[in-house]
Amino acid sequence: MQIAELLSHKSKDLVTVGPGDSIRTAAEALSTNNIGALPVCDAGGNLVGILSERDIVHGYAVRGGDIDDIQVADSMSREVVTCVPEDDVNKTMLVMSKNHFRHIPVLENGRLSAIVSSRDIMEAVLEEAKTQRNVMAEAYKMVR
């Protein structure tokens, strides 16, 4: 299964923040949308980083202070691993596991189009396994 197929079952809504936004703004966006990471885009819509819940906690623990005074740019991960719709879901899952992150932005023609979570991938792989199991069960019935 490719990432594109997984995306066909996901909401098209994409929540992002800017590097100059406050950590409070980012935390509120995470909470309101029940998500665990936010792509960080500049004014031109270019992906410049990713901010996870872990980044926020780590940034606050290191810097302290008022979360209204800490900018997203101060806590975001700047080196972002991405995938494309043509990538294999299983290979993408291995990349995420190897690099210890739970969210990966999807780029189409070099532009951010979506973000995929490890949960999205696990659900897609599980659904594919269920379908294969059902096909095998039906095939077994036919040969009995």
# chains A, B, ... in the order shown; residues from 1 in each chain; ligands from 1

$ closest_atom_pairs --of "segment 41-67 of chain A" --to "segment 25-29 of chain A" --cutoff "12 Å" --atoms "only C-alpha atoms" --output "JSON lines"
{"residue": "A:Ile50", "atom": "CA", "partner": "A:Ala26", "partner_atom": "CA", "distance": 10.9}
{"residue": "A:Leu51", "atom": "CA", "partner": "A:Ala26", "partner_atom": "CA", "distance": 8.2}
{"residue": "A:Ser52", "atom": "CA", "partner": "A:Ala27", "partner_atom": "CA", "distance": 9.3}
{"residue": "A:Glu53", "atom": "CA", "partner": "A:Ala27", "partner_atom": "CA", "distance": 7.7}
{"residue": "A:Arg54", "atom": "CA", "partner": "A:Ala27", "partner_atom": "CA", "distance": 11.0}
{"residue": "A:Asp55", "atom": "CA", "partner": "A:Ala27", "partner_atom": "CA", "distance": 10.7}
{"residue": "A:Ile56", "atom": "CA", "partner": "A:Ala27", "partner_atom": "CA", "distance": 7.8}
{"residue": "A:Val57", "atom": "CA", "partner": "A:Ala27", "partner_atom": "CA", "distance": 10.1}
{"residue": "A:Tyr60", "atom": "CA", "partner": "A:Ala27", "partner_atom": "CA", "distance": 11.7}
{"residue": "A:Ile67", "atom": "CA", "partner": "A:Thr25", "partner_atom": "CA", "distance": 8.8}

$ write_last_selection --atoms "N, CA and C atoms" --output "PDB file, in the first residue's frame"
ATOM      1  N   ILE A  50       9.062  20.991  12.091  1.00  0.00           N
ATOM      2  CA  ILE A  50       7.918  20.279  12.656  1.00  0.00           C
ATOM      3  C   ILE A  50       7.999  20.444  14.172  1.00  0.00           C
ATOM      4  N   LEU A  51       6.857  20.607  14.788  1.00  0.00           N
ATOM      5  CA  LEU A  51       6.787  20.810  16.235  1.00  0.00           C
ATOM      6  C   LEU A  51       5.886  19.740  16.830  1.00  0.00           C
ATOM      7  N   SER A  52       6.455  18.933  17.718  1.00  0.00           N
ATOM      8  CA  SER A  52       5.675  17.882  18.373  1.00  0.00           C
ATOM      9  C   SER A  52       5.409  18.255  19.824  1.00  0.00           C
ATOM     10  N   GLU A  53       4.530  17.494  20.433  1.00  0.00           N
ATOM     11  CA  GLU A  53       4.263  17.681  21.865  1.00  0.00           C
ATOM     12  C   GLU A  53       5.565  17.553  22.652  1.00  0.00           C
ATOM     13  N   ARG A  54       6.375  16.595  22.268  1.00  0.00           N
ATOM     14  CA  ARG A  54       7.654  16.379  22.948  1.00  0.00           C
ATOM     15  C   ARG A  54       8.561  17.595  22.820  1.00  0.00           C
ATOM     16  N   ASP A  55       8.584  18.198  21.624  1.00  0.00           N
ATOM     17  CA  ASP A  55       9.399  19.401  21.416  1.00  0.00           C
ATOM     18  C   ASP A  55       8.964  20.519  22.357  1.00  0.00           C
ATOM     19  N   ILE A  56       7.663  20.664  22.532  1.00  0.00           N
ATOM     20  CA  ILE A  56       7.143  21.717  23.412  1.00  0.00           C
ATOM     21  C   ILE A  56       7.576  21.468  24.854  1.00  0.00           C
ATOM     22  N   VAL A  57       7.404  20.241  25.318  1.00  0.00           N
ATOM     23  CA  VAL A  57       7.778  19.906  26.698  1.00  0.00           C
ATOM     24  C   VAL A  57       9.280  20.093  26.896  1.00  0.00           C
ATOM     25  N   TYR A  60      10.232  23.843  26.859  1.00  0.00           N
ATOM     26  CA  TYR A  60       9.819  24.513  28.096  1.00  0.00           C
ATOM     27  C   TYR A  60      10.720  24.095  29.257  1.00  0.00           C
ATOM     28  N   ILE A  67       5.088  30.707  28.127  1.00  0.00           N
ATOM     29  CA  ILE A  67       4.909  30.075  26.815  1.00  0.00           C
ATOM     30  C   ILE A  67       4.419  31.058  25.759  1.00  0.00           C
TER      31      ILE A  67
END

$ residues_around --residues "Ser117 of chain A" --least-positions-apart "2" --cutoff "7 Å" --atoms "only C-alpha atoms" --output "list in words"
Arg102, His103, Ile104, Ile115, Arg119, Asp120 and Ile121 of chain A

$ closest_atom_pairs --of "segment 89-119 of chain A" --to "segment 124-137 of chain A" --cutoff "12 Å" --atoms "only C-alpha atoms" --output "JSON lines"
{"residue": "A:Val89", "atom": "CA", "partner": "A:Val125", "partner_atom": "CA", "distance": 7.9}
{"residue": "A:Asn90", "atom": "CA", "partner": "A:Val125", "partner_atom": "CA", "distance": 7.9}
{"residue": "A:Lys91", "atom": "CA", "partner": "A:Val125", "partner_atom": "CA", "distance": 11.6}
{"residue": "A:Thr92", "atom": "CA", "partner": "A:Val125", "partner_atom": "CA", "distance": 11.7}
{"residue": "A:Met93", "atom": "CA", "partner": "A:Val125", "partner_atom": "CA", "distance": 9.9}
{"residue": "A:Val116", "atom": "CA", "partner": "A:Ala124", "partner_atom": "CA", "distance": 11.1}
{"residue": "A:Ser117", "atom": "CA", "partner": "A:Ala124", "partner_atom": "CA", "distance": 10.9}
{"residue": "A:Ser118", "atom": "CA", "partner": "A:Ala124", "partner_atom": "CA", "distance": 9.9}
{"residue": "A:Arg119", "atom": "CA", "partner": "A:Ala124", "partner_atom": "CA", "distance": 8.5}

$ closest_atom_pairs --of "segment 71-137 of chain A" --to "segment 14-22 of chain A" --cutoff "10 Å" --atoms "only C-alpha atoms" --output "Markdown table"
| residue | atom | partner | partner_atom | distance |
| --- | --- | --- | --- | --- |
| A:Gln71 | CA | A:Ser22 | CA | 4.4 |
| A:Val72 | CA | A:Pro19 | CA | 4.9 |
| A:Ala73 | CA | A:Pro19 | CA | 4.5 |
| A:Asp74 | CA | A:Pro19 | CA | 8.1 |
| A:Ser75 | CA | A:Pro19 | CA | 9.3 |
| A:Met76 | CA | A:Pro19 | CA | 8.1 |
| A:Leu112 | CA | A:Leu14 | CA | 9.2 |
| A:Ser113 | CA | A:Leu14 | CA | 7.7 |
| A:Ala114 | CA | A:Leu14 | CA | 6.2 |
| A:Ile115 | CA | A:Leu14 | CA | 7.5 |

$ write_last_selection --atoms "C-alpha atoms" --output "compact mmCIF listing (two decimals), in the first residue's frame"
# COMPACT_ATOMS: atom_id res chain seq x y z
CA GLN A 71 8.42 31.07 19.66
CA VAL A 72 7.79 27.89 17.70
CA ALA A 73 11.18 28.42 15.98
CA ASP A 74 12.87 28.04 19.38
CA SER A 75 11.52 24.52 19.93
CA MET A 76 10.77 23.02 16.50
CA LEU A 112 3.39 20.15 2.09
CA SER A 113 0.13 18.32 1.41
CA ALA A 114 -0.53 16.25 4.55
CA ILE A 115 0.92 14.77 7.69

$ atom_distance --atom1 "atom CA of Met96 of chain A" --atom2 "atom CA of Met122 of chain A"
11.8 Å

$ select_by_dssp --residues "segment 1-137 of chain A" --states "strand (DSSP E)" --output "ChimeraX atom specification"
/A:37-41,47-52,103-108,111-117

$ closest_residue --among "A:Ile23, A:Leu30, A:Met1, A:Leu38" --to "Arg63 of chain A" --atoms "only C-alpha atoms"
A:Ile23

$ residues_around --residues "Ile3 of chain A" --least-positions-apart "5" --cutoff "7 Å" --atoms "only C-alpha atoms" --output "list in words"
Pro85, Glu86, Asp87, Asp88 and Val89 of chain A

$ closest_residue --among "A:Cys83, A:Val40, A:Val143, A:Val95" --to "Gln2 of chain A" --atoms "only C-alpha atoms"
A:Cys83

$ closest_residue --among "A:Gly65, A:Gly45, A:Pro39, A:Gly59" --to "Glu79 of chain A" --atoms "only C-alpha atoms"
A:Pro39
